[in-house]
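A.B. asks: My file is protein.cif. It has mmCIF, C-alpha atoms:
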```cif
data_final
loop_
_atom_site.label_atom_id
_atom_site.label_comp_id
_atom_site.auth_asym_id
_atom_site.auth_seq_id
_atom_site.Cartn_x
_atom_site.Cartn_y
_atom_site.Cartn_z
CA MET A 1 -19.36 26.57 1.73
CA ARG A 2 -17.73 28.27 -1.21
CA ARG A 3 -15.04 27.52 -3.80
CA THR A 4 -12.26 30.09 -3.97
CA PRO A 5 -9.53 30.40 -6.64
CA THR A 6 -6.02 30.20 -5.13
CA ASP A 7 -2.44 30.57 -6.30
CA PRO A 8 -0.73 27.17 -6.37
CA ARG A 9 2.60 26.79 -4.61
CA PRO A 10 5.71 26.80 -6.83
CA ASP A 11 6.50 23.26 -7.98
CA TYR A 12 3.62 21.95 -5.87
CA ARG A 13 3.46 18.62 -7.68
CA ARG A 14 7.00 17.78 -6.63
CA THR A 15 6.01 18.80 -3.10
CA VAL A 16 3.06 16.42 -2.86
CA GLU A 17 5.04 13.64 -4.53
CA GLY A 18 7.63 14.05 -1.77
CA GLN A 19 4.82 13.62 0.75
CA GLY A 20 3.90 10.28 -0.82
CA LEU A 21 1.26 11.32 -3.36
CA VAL A 22 2.98 9.67 -6.32
CA PHE A 23 -0.07 10.14 -8.55
CA PRO A 24 -0.61 13.95 -8.71
CA THR A 25 -2.05 13.50 -12.21
CA THR A 26 -4.33 10.88 -13.76
CA PRO A 27 -3.77 9.53 -17.29
CA THR A 28 -6.76 9.52 -19.63
CA PRO A 29 -7.48 6.98 -22.39
CA ASP A 30 -6.49 9.53 -25.05
CA GLY A 31 -3.01 9.99 -23.57
CA ARG A 32 -3.55 13.22 -21.65
CA GLU A 33 -2.72 13.82 -17.99
CA VAL A 34 -5.42 15.52 -15.92
CA PRO A 35 -4.69 16.84 -12.42
CA TYR A 36 -5.66 14.73 -9.45
CA TRP A 37 -4.13 16.94 -6.76
CA TYR A 38 -5.52 20.41 -7.51
CA GLU A 39 -4.62 23.56 -5.61
CA GLU A 40 -5.70 26.27 -8.01
CA ALA A 41 -8.81 26.44 -5.81
CA CYS A 42 -9.87 25.51 -2.31
CA TYR A 43 -13.17 25.00 -0.51
CA THR A 44 -13.92 27.21 2.46
CA LEU A 45 -16.36 26.11 5.14
CA THR A 46 -17.60 27.84 8.27
CA ALA A 47 -17.07 26.40 11.72
CA ASP A 48 -20.84 25.85 12.02
CA GLU A 49 -20.86 23.86 8.77
CA VAL A 50 -18.03 21.66 10.02
CA ASP A 51 -19.88 21.08 13.30
CA THR A 52 -22.96 20.04 11.33
CA LEU A 53 -20.98 17.72 9.07
CA GLU A 54 -19.27 16.15 12.07
CA GLU A 55 -22.63 15.55 13.76
CA THR A 56 -24.08 14.16 10.51
CA THR A 57 -21.14 11.77 10.13
CA ALA A 58 -21.55 10.45 13.66
CA GLN A 59 -25.30 10.00 13.12
CA LEU A 60 -24.81 8.16 9.82
CA HIS A 61 -22.28 5.86 11.42
CA ARG A 62 -24.77 4.94 14.14
CA LEU A 63 -27.48 4.29 11.55
CA CYS A 64 -25.15 2.06 9.55
CA LEU A 65 -24.22 -0.04 12.57
CA ALA A 66 -27.91 -0.44 13.39
CA ALA A 67 -28.53 -1.49 9.78
CA VAL A 68 -25.80 -4.16 9.93
CA ASP A 69 -27.28 -5.52 13.14
CA HIS A 70 -30.72 -5.71 11.52
CA VAL A 71 -29.46 -7.31 8.30
CA ILE A 72 -27.72 -10.08 10.25
CA ALA A 73 -30.65 -10.65 12.63
CA ALA A 74 -33.16 -10.74 9.74
CA ASP A 75 -30.89 -12.86 7.53
CA TRP A 76 -31.10 -10.36 4.67
CA PHE A 77 -27.87 -11.53 3.04
CA ASP A 78 -29.57 -12.19 -0.29
CA ARG A 79 -30.26 -8.47 -0.61
CA PHE A 80 -26.48 -7.98 -0.63
CA ALA A 81 -25.95 -10.73 -3.24
CA ILE A 82 -24.35 -12.89 -0.54
CA THR A 83 -25.55 -16.37 -1.43
CA ASP A 84 -22.68 -18.43 0.01
CA GLU A 85 -23.68 -19.59 3.48
CA ARG A 86 -20.02 -19.79 4.51
CA VAL A 87 -19.62 -16.08 3.78
CA ALA A 88 -22.80 -15.27 5.68
CA ALA A 89 -21.61 -17.37 8.62
CA ALA A 90 -18.27 -15.55 8.62
CA VAL A 91 -20.07 -12.18 8.65
CA ARG A 92 -22.27 -13.30 11.56
CA ARG A 93 -19.32 -14.47 13.61
CA SER A 94 -17.27 -11.36 12.83
CA TRP A 95 -20.15 -9.09 13.90
CA ARG A 96 -20.64 -11.08 17.09
CA GLU A 97 -16.96 -11.05 18.07
CA GLN A 98 -16.17 -7.50 16.87
CA PRO A 99 -12.51 -7.78 15.81
CA PRO A 100 -10.65 -4.49 15.30
CA SER A 101 -11.96 -2.02 12.73
CA LEU A 102 -9.96 1.03 11.70
CA TYR A 103 -11.65 3.49 9.35
CA GLY A 104 -14.18 4.37 6.65
CA ARG A 105 -15.35 7.27 4.49
CA PHE A 106 -18.86 8.59 3.89
CA ASP A 107 -19.42 10.30 0.54
CA LEU A 108 -21.88 13.16 0.98
CA ALA A 109 -23.72 15.60 -1.26
CA TYR A 110 -23.73 19.01 0.44
CA ASP A 111 -24.24 22.49 -0.99
CA GLY A 112 -23.76 24.67 2.08
CA GLN A 113 -27.07 26.44 1.40
CA GLY A 114 -28.83 25.35 4.57
CA GLY A 115 -30.00 21.93 3.48
CA PRO A 116 -28.75 18.70 5.08
CA ALA A 117 -25.85 16.65 3.78
CA ARG A 118 -27.14 13.54 1.99
CA LEU A 119 -25.45 10.15 1.99
CA LEU A 120 -24.40 8.98 -1.47
CA GLU A 121 -22.49 5.88 -0.33
CA TYR A 122 -20.26 4.53 2.42
CA ASN A 123 -16.75 3.30 1.61
CA ALA A 124 -16.10 1.24 4.72
CA ASP A 125 -13.93 -1.63 3.48
CA THR A 126 -11.24 -0.23 1.17
CA PRO A 127 -11.47 3.58 1.19
CA THR A 128 -8.66 5.50 -0.48
CA GLY A 129 -7.99 9.23 -0.53
CA LEU A 130 -6.50 8.98 2.95
CA LEU A 131 -2.98 10.28 2.36
CA GLU A 132 -4.16 13.40 0.57
CA SER A 133 -6.84 14.03 3.20
CA ALA A 134 -4.60 13.52 6.22
CA ILE A 135 -1.20 14.79 5.06
CA CYS A 136 -1.08 16.64 1.74
CA GLN A 137 -3.90 19.08 2.40
CA TRP A 138 -2.63 19.72 5.95
CA TYR A 139 0.82 20.75 4.68
CA TRP A 140 -0.86 22.81 1.93
CA LEU A 141 -2.66 24.70 4.72
CA GLN A 142 0.56 25.23 6.69
CA ASP A 143 2.36 26.51 3.60
CA THR A 144 -0.37 28.81 2.32
CA ARG A 145 -2.60 29.81 5.27
CA PRO A 146 -0.82 28.91 8.50
CA SER A 147 -3.24 30.93 10.63
CA ALA A 148 -6.30 29.07 9.28
CA ASP A 149 -7.78 25.81 10.47
CA GLN A 150 -8.95 22.62 8.78
CA TRP A 151 -11.23 19.76 9.75
CA ASN A 152 -8.43 17.23 9.92
CA SER A 153 -7.44 15.12 12.92
CA LEU A 154 -6.95 12.06 10.73
CA HIS A 155 -3.29 11.42 11.43
CA GLU A 156 -3.52 11.72 15.19
CA ARG A 157 -6.65 9.57 15.33
CA LEU A 158 -5.12 6.88 13.12
CA VAL A 159 -2.08 6.62 15.37
CA GLU A 160 -4.29 6.43 18.45
CA ALA A 161 -6.54 3.84 16.78
CA TRP A 162 -3.52 1.65 16.02
CA ARG A 163 -2.29 2.08 19.59
CA LYS A 164 -5.65 0.93 20.90
CA THR A 165 -5.90 -1.89 18.36
CA GLY A 166 -2.40 -3.10 19.12
CA LYS A 167 -3.51 -4.19 22.59
CA GLN A 168 -5.89 -6.69 20.98
CA LEU A 169 -3.46 -8.16 18.45
CA ALA A 170 -1.33 -11.30 18.54
CA PRO A 171 2.46 -10.84 18.71
CA GLY A 172 4.25 -10.18 15.46
CA PRO A 173 4.19 -7.54 12.74
CA VAL A 174 1.11 -6.04 11.14
CA HIS A 175 1.21 -6.96 7.47
CA VAL A 176 -0.34 -4.14 5.42
CA LEU A 177 -1.48 -5.58 2.11
CA HIS A 178 -2.30 -3.92 -1.20
CA THR A 179 -2.92 -5.42 -4.61
CA GLY A 180 -0.15 -5.46 -7.17
CA MET A 181 -2.80 -4.97 -9.88
CA ASP A 182 -3.00 -1.24 -9.09
CA THR A 183 -0.53 0.50 -11.40
CA SER A 184 -1.23 4.07 -10.23
CA GLY A 185 0.57 3.66 -6.91
CA GLU A 186 -2.48 4.91 -5.01
CA GLU A 187 -3.14 1.74 -3.05
CA GLU A 188 0.53 1.05 -2.35
CA MET A 189 1.07 4.57 -0.97
CA THR A 190 -2.15 4.41 1.06
CA CYS A 191 -0.84 1.22 2.65
CA ALA A 192 2.60 2.75 3.18
CA TYR A 193 0.96 5.63 5.00
CA LEU A 194 -1.16 3.31 7.14
CA ALA A 195 1.97 1.30 7.98
CA GLU A 196 3.68 4.53 9.05
CA THR A 197 0.81 5.44 11.38
CA ALA A 198 0.95 1.91 12.85
CA ALA A 199 4.70 2.29 13.39
CA GLN A 200 4.15 5.62 15.15
CA ALA A 201 1.78 3.75 17.47
CA GLY A 202 4.62 1.41 18.42
CA LEU A 203 3.70 -1.52 16.15
CA GLU A 204 5.96 -3.28 13.69
CA ALA A 205 4.37 -2.86 10.27
CA LEU A 206 5.31 -4.35 6.91
CA THR A 207 3.82 -3.64 3.48
CA LEU A 208 3.61 -6.14 0.63
CA PRO A 209 1.33 -7.04 -2.28
CA ILE A 210 -1.42 -9.42 -1.29
CA GLU A 211 -0.35 -11.60 -4.23
CA GLN A 212 2.82 -12.39 -2.25
CA VAL A 213 0.93 -13.82 0.71
CA GLY A 214 1.47 -17.56 0.98
CA TRP A 215 -0.27 -20.45 2.69
CA ASP A 216 1.72 -22.83 4.90
CA TYR A 217 -0.05 -26.17 4.69
CA ASP A 218 1.95 -27.66 7.56
CA ARG A 219 0.91 -24.92 9.96
CA SER A 220 -2.43 -24.13 8.28
CA GLY A 221 -1.71 -20.43 8.28
CA PHE A 222 -0.79 -17.48 6.10
CA VAL A 223 2.88 -16.52 5.81
CA ASP A 224 4.93 -13.80 4.14
CA LEU A 225 7.92 -14.26 1.84
CA GLN A 226 10.17 -14.90 4.85
CA LEU A 227 7.72 -17.58 6.05
CA ARG A 228 6.74 -15.50 9.06
CA PRO A 229 3.18 -16.15 10.24
CA ILE A 230 0.75 -13.39 9.31
CA ARG A 231 -1.22 -12.95 12.52
CA THR A 232 -2.58 -9.47 11.68
CA ALA A 233 -3.32 -8.30 8.14
CA PHE A 234 -4.68 -4.94 7.10
CA LYS A 235 -5.85 -5.41 3.51
CA LEU A 236 -6.69 -2.78 0.95
CA TYR A 237 -8.42 -5.50 -1.03
CA PRO A 238 -12.21 -5.86 -1.21
CA TRP A 239 -13.84 -8.64 0.77
CA GLU A 240 -16.10 -9.47 -2.18
CA TRP A 241 -12.94 -10.32 -4.15
CA LEU A 242 -11.25 -12.12 -1.30
CA VAL A 243 -14.10 -14.52 -0.52
CA THR A 244 -14.52 -15.54 -4.16
CA ASP A 245 -10.81 -16.02 -4.86
CA PRO A 246 -9.76 -19.72 -4.71
CA PHE A 247 -6.96 -18.73 -2.32
CA GLY A 248 -9.55 -16.92 -0.21
CA ALA A 249 -11.09 -20.23 0.81
CA HIS A 250 -8.35 -20.40 3.44
CA VAL A 251 -9.54 -17.04 4.79
CA LEU A 252 -13.07 -18.35 5.22
CA ASP A 253 -11.78 -21.55 6.81
CA GLN A 254 -9.99 -19.45 9.43
CA GLN A 255 -12.98 -17.18 9.93
CA LEU A 256 -15.16 -20.19 10.70
CA THR A 257 -12.71 -22.22 12.80
CA PRO A 258 -12.84 -21.77 16.59
CA ALA A 259 -9.60 -20.38 17.98
CA GLY A 260 -7.24 -22.65 19.86
CA PRO A 261 -3.52 -23.20 20.44
CA VAL A 262 -1.35 -24.47 17.59
CA PRO A 263 1.45 -26.83 18.68
CA GLY A 264 4.88 -25.31 18.15
CA LEU A 265 3.60 -21.83 17.27
CA GLY A 266 2.95 -20.49 20.74
CA ALA A 267 0.03 -18.38 19.50
CA GLU A 268 -3.57 -18.61 18.43
CA PRO A 269 -4.29 -19.81 14.88
CA GLY A 270 -5.75 -17.69 12.17
CA THR A 271 -5.25 -14.16 10.97
CA CYS A 272 -6.97 -11.06 12.29
CA TRP A 273 -8.14 -9.24 9.16
CA ILE A 274 -8.62 -5.47 9.20
CA GLU A 275 -11.13 -4.42 8.03
CA PRO A 276 -13.26 -7.29 9.43
CA VAL A 277 -15.50 -9.28 7.09
CA TRP A 278 -18.76 -7.83 8.45
CA LYS A 279 -17.83 -4.52 6.82
CA MET A 280 -18.58 -6.00 3.41
CA LEU A 281 -22.20 -5.14 4.27
CA LEU A 282 -21.31 -1.46 4.59
CA SER A 283 -19.38 -1.30 1.32
CA ASN A 284 -22.30 -2.77 -0.64
CA LYS A 285 -24.76 -0.30 -2.22
CA ALA A 286 -27.65 -2.43 -0.91
CA LEU A 287 -26.93 -0.69 2.38
CA LEU A 288 -28.51 2.48 0.95
CA ALA A 289 -31.84 0.74 0.39
CA VAL A 290 -31.75 -0.98 3.77
CA LEU A 291 -31.09 2.34 5.50
CA TRP A 292 -34.06 3.95 3.76
CA GLU A 293 -36.30 1.00 4.68
CA LEU A 294 -35.25 1.15 8.34
CA PHE A 295 -35.14 4.96 8.65
CA PRO A 296 -37.56 6.34 6.03
CA GLY A 297 -37.57 10.10 5.69
CA HIS A 298 -34.30 10.62 7.56
CA PRO A 299 -32.95 14.01 6.46
CA ASN A 300 -29.45 12.68 5.70
CA LEU A 301 -30.66 9.77 3.56
CA LEU A 302 -31.99 9.58 0.02
CA PRO A 303 -34.85 7.25 -0.99
CA ALA A 304 -33.34 4.04 -2.33
CA TYR A 305 -34.72 0.65 -3.39
CA LEU A 306 -33.47 -2.71 -4.64
CA ASP A 307 -36.47 -3.80 -6.74
CA GLY A 308 -36.56 -0.81 -9.09
CA PRO A 309 -36.87 2.97 -8.95
CA ARG A 310 -40.54 2.82 -7.86
CA GLU A 311 -41.86 6.38 -7.56
CA LEU A 312 -38.53 8.09 -8.27
CA THR A 313 -38.83 10.32 -11.33
CA ALA A 314 -35.07 10.91 -11.39
CA HIS A 315 -32.80 8.24 -10.04
CA VAL A 316 -29.28 6.82 -10.05
CA ALA A 317 -28.89 3.09 -10.70
CA LYS A 318 -25.79 1.90 -8.83
CA PRO A 319 -24.23 -1.56 -9.17
CA LEU A 320 -24.22 -3.20 -5.73
CA LEU A 321 -20.49 -3.82 -5.97
CA GLY A 322 -19.54 -0.92 -8.23
CA ARG A 323 -16.33 1.06 -7.73
CA GLU A 324 -15.22 4.57 -8.75
CA GLY A 325 -18.49 5.32 -10.52
CA ASP A 326 -18.27 2.27 -12.80
CA GLY A 327 -21.55 1.29 -14.44
CA ILE A 328 -23.62 4.06 -12.86
CA ARG A 329 -26.72 5.12 -14.81
CA ILE A 330 -28.56 8.40 -14.20
CA VAL A 331 -32.16 8.43 -15.45
CA GLY A 332 -34.61 11.32 -15.72
CA ALA A 333 -32.13 14.02 -14.69
CA GLY A 334 -32.08 16.13 -17.84
CA ARG A 335 -28.57 17.01 -18.96
CA ASP A 336 -27.12 14.94 -16.12
CA SER A 337 -28.71 11.75 -17.42
CA LEU A 338 -26.05 9.17 -18.17
CA GLU A 339 -25.75 5.66 -19.58
CA GLN A 340 -22.67 3.49 -18.96
CA PRO A 341 -21.92 -0.16 -19.72
CA ASP A 342 -23.65 -2.24 -17.05
CA GLY A 343 -21.16 -5.10 -16.76
CA SER A 344 -20.42 -4.14 -13.16
CA GLY A 345 -24.08 -4.66 -12.24
CA ALA A 346 -23.99 -8.45 -12.45
CA HIS A 347 -24.75 -8.74 -8.73
CA GLY A 348 -27.75 -6.42 -8.83
CA TRP A 349 -28.59 -2.74 -8.53
CA CYS A 350 -29.58 -0.14 -6.01
CA TYR A 351 -31.88 2.62 -7.27
CA GLN A 352 -31.28 5.84 -5.37
CA GLN A 353 -33.04 9.17 -5.77
CA TYR A 354 -30.99 11.51 -7.90
CA THR A 355 -29.73 14.57 -6.08
CA PRO A 356 -27.63 17.08 -8.03
CA LEU A 357 -24.19 17.90 -6.69
CA PRO A 358 -23.55 21.61 -6.10
CA ASP A 359 -22.17 23.28 -9.19
CA TYR A 360 -19.36 25.82 -8.82
CA ASP A 361 -18.85 27.01 -12.41
CA GLY A 362 -18.83 23.44 -13.66
CA ASN A 363 -16.97 21.96 -10.68
CA ARG A 364 -19.05 19.48 -8.68
CA PRO A 365 -17.75 18.46 -5.27
CA VAL A 366 -18.43 15.36 -3.19
CA LEU A 367 -17.49 15.59 0.47
CA GLY A 368 -15.62 12.60 1.88
CA SER A 369 -16.22 12.56 5.64
CA TRP A 370 -13.88 10.19 7.48
CA ILE A 371 -14.57 7.89 10.43
CA ILE A 372 -11.59 6.66 12.49
CA ASP A 373 -12.27 4.08 15.21
CA GLY A 374 -15.94 5.00 15.14
CA GLU A 375 -15.44 8.78 15.47
CA PRO A 376 -15.67 11.58 12.86
CA ALA A 377 -12.12 12.63 12.02
CA GLY A 378 -11.85 14.89 8.99
CA LEU A 379 -12.79 15.88 5.47
CA GLY A 380 -11.48 15.33 1.95
CA ILE A 381 -13.18 16.90 -1.06
CA ARG A 382 -13.10 15.56 -4.61
CA GLU A 383 -14.68 17.39 -7.51
CA SER A 384 -15.55 16.38 -11.04
CA ASP A 385 -16.72 18.05 -14.24
CA GLY A 386 -19.83 15.89 -14.47
CA PRO A 387 -22.46 14.27 -12.26
CA VAL A 388 -20.34 11.17 -11.43
CA THR A 389 -17.24 11.29 -9.24
CA ASP A 390 -15.01 8.88 -11.16
CA TYR A 391 -11.35 8.06 -11.84
CA TYR A 392 -10.74 11.55 -13.22
CA ALA A 393 -12.01 13.51 -10.23
CA ARG A 394 -9.74 16.08 -8.57
CA PHE A 395 -8.82 16.33 -4.90
CA VAL A 396 -9.18 19.94 -3.72
CA PRO A 397 -8.02 21.05 -0.23
CA HIS A 398 -10.26 22.86 2.20
CA LEU A 399 -10.04 25.23 5.15
CA ILE A 400 -12.29 26.60 7.89
CA GLU A 401 -12.84 30.34 7.74
CA GLY A 402 -12.82 32.55 10.79
#
```
Show me, as structure tokens, the structure contained in the file I just sent.

C.D. replies:
Amino acid sequence: MRRTPTDPRPDYRRTVEGQGLVFPTTPTPDGREVPYWYEEACYTLTADEVDTLEETTAQLHRLCLAAVDHVIAADWFDRFAITDERVAAAVRRSWREQPPSLYGRFDLAYDGQGGPARLLEYNADTPTGLLESAICQWYWLQDTRPSADQWNSLHERLVEAWRKTGKQLAPGPVHVLHTGMDTSGEEEMTCAYLAETAAQAGLEALTLPIEQVGWDYDRSGFVDLQLRPIRTAFKLYPWEWLVTDPFGAHVLDQQLTPAGPVPGLGAEPGTCWIEPVWKMLLSNKALLAVLWELFPGHPNLLPAYLDGPRELTAHVAKPLLGREGDGIRIVGAGRDSLEQPDGSGAHGWCYQQYTPLPDYDGNRPVLGSWIIDGEPAGLGIRESDGPVTDYYARFVPHLIEG
């Protein structure tokens, strides 16, 4: 793998905005705008590297499913800061019944120098970066290197996953929900893209802020602004927020209520939530420690613990429910050592062995390897100037050489 300088397309920001990426730059606290979509460089991988990454992604997915099964069987919910028995019961039932699940993204450290890719975390509940991975970088490739290839079957696999999922869903539209709290437009456009892929699969799909979802007390069910029952909801909203929200109590009630006919509705009660609630185990950093305990020494895993760094001379302390690099501390890593406010660590910490990201003249990439319907589906690369991939990271397209 190598990073290669490239000539950006004329007026490329307008191009990607037209493709739905309405946030090609990221504002900083001091009033500057730093690029998010970045095409003054690209990453080039060999076909063998892509094959290896695809195999690694499939293997990690299998390990994660085995870890979820073990956590539920061993009742290890306290390790994930899940202390509400109703939440634990909902996770158990969801895992047992296996409602539809759509996608996820592994974040990997990989230097292309012969060593294995290492799992940094798994974003399996509310992963973003999908539109730029599936669409924007594909059109960049067509415009700049039409004879080259890219590890990117995301769009086709999403449509097929929706087509398959649609056979399991109750009649009515799929409501694709984002939070109105996001002012960047990233979550809204991710949901708009997911709704488009659902529509291409033959489903009716509607997008709306989750804050506009209502509860119909007469019918004991969720409704939209037109009072239509919400039978299927894809939510780009974390389960750990949903189950602690007062309004979310209705979600748990439905998760724990046996299905049965509702008079006058002509359908089963409740809402099918995508992603399902069991995936909150995969989006929790405690997963990293559980994986290491169950599969010690696995070449694609890093040592990780919940009770402290133990023997690790250099480690990364990650809040169990941290997002976008918030609260991460790096200890014993020389110039990469880092202290941040630890308010996001109220639920506990995972201590993972520090592994340096590859450094391309100060640019440090993390590889986002996508899973769609349980299968590896493509790659998106974000790079940062420092050791943490945070809100100011850049998305850089890639291609396969040869």

A.B. asks: Quick one: residues within 10 Å of range 19-34 of chain A, all atoms listed in the file, excluding same-chain residues fewer than 4 positions away - as an MDAnalysis selection string?

C.D. replies: chainID A and resid 12:15 38 129 131:132 135:136 139 184:186 188:190 192:193 391:395

A.B. asks: Now that the selection is made, can you save its residues with C-alpha atoms as a short mmCIF file (atom, residue, chain, number, x, y, z; two decimals), in the frame of the given file?

C.D. replies:
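And here's again_16.cif as it stands now:
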```cif
data_model
loop_
_atom_site.label_atom_id
_atom_site.label_comp_id
_atom_site.auth_asym_id
_atom_site.auth_seq_id
_atom_site.Cartn_x
_atom_site.Cartn_y
_atom_site.Cartn_z
CA TYR A 12 3.62 21.95 -5.87
CA ARG A 13 3.46 18.62 -7.68
CA ARG A 14 7.00 17.78 -6.63
CA THR A 15 6.01 18.80 -3.10
CA TYR A 38 -5.52 20.41 -7.51
CA GLY A 129 -7.99 9.23 -0.53
CA LEU A 131 -2.98 10.28 2.36
CA GLU A 132 -4.16 13.40 0.57
CA ILE A 135 -1.20 14.79 5.06
CA CYS A 136 -1.08 16.64 1.74
CA TYR A 139 0.82 20.75 4.68
CA SER A 184 -1.23 4.07 -10.23
CA GLY A 185 0.57 3.66 -6.91
CA GLU A 186 -2.48 4.91 -5.01
CA GLU A 188 0.53 1.05 -2.35
CA MET A 189 1.07 4.57 -0.97
CA THR A 190 -2.15 4.41 1.06
CA ALA A 192 2.60 2.75 3.18
CA TYR A 193 0.96 5.63 5.00
CA TYR A 391 -11.35 8.06 -11.84
CA TYR A 392 -10.74 11.55 -13.22
CA ALA A 393 -12.01 13.51 -10.23
CA ARG A 394 -9.74 16.08 -8.57
CA PHE A 395 -8.82 16.33 -4.90
#
```

A.B. asks: Evaluate the PyMOL selection byres ((chain A and resi 318) around 6) against this structure - the residues, as a PyMOL selection string, please.

C.D. replies: chain A and resi 317+319+328+349-350

A.B. asks: By how many Å are CA of His178 in chain A and CA of Gln212 in chain A apart?

C.D. replies: 10.0 Å

A.B. asks: List, as a list in words, every residue that the PyMOL selection byres ((chain A and resi 250) around 12) selects in the file provided.

C.D. replies: Arg86, Val213, Gly214, Trp215, Asp216, Tyr217, Ser220, Gly221, Phe222, Leu242, Val243, Thr244, Asp245, Pro246, Phe247, Gly248, Ala249, Val251, Leu252, Asp253, Gln254, Gln255, Leu256, Thr257, Gly270 and Thr271 of chain A

A.B. asks: Under the rule that all atoms listed in the file are counted, which of A:Leu301, A:Ala198, A:Leu282, A:Val159 is the nearest residue to Val174 in chain A?

C.D. replies: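 For Val174 in chain A, the nearest of the given residues is A:Ala198.
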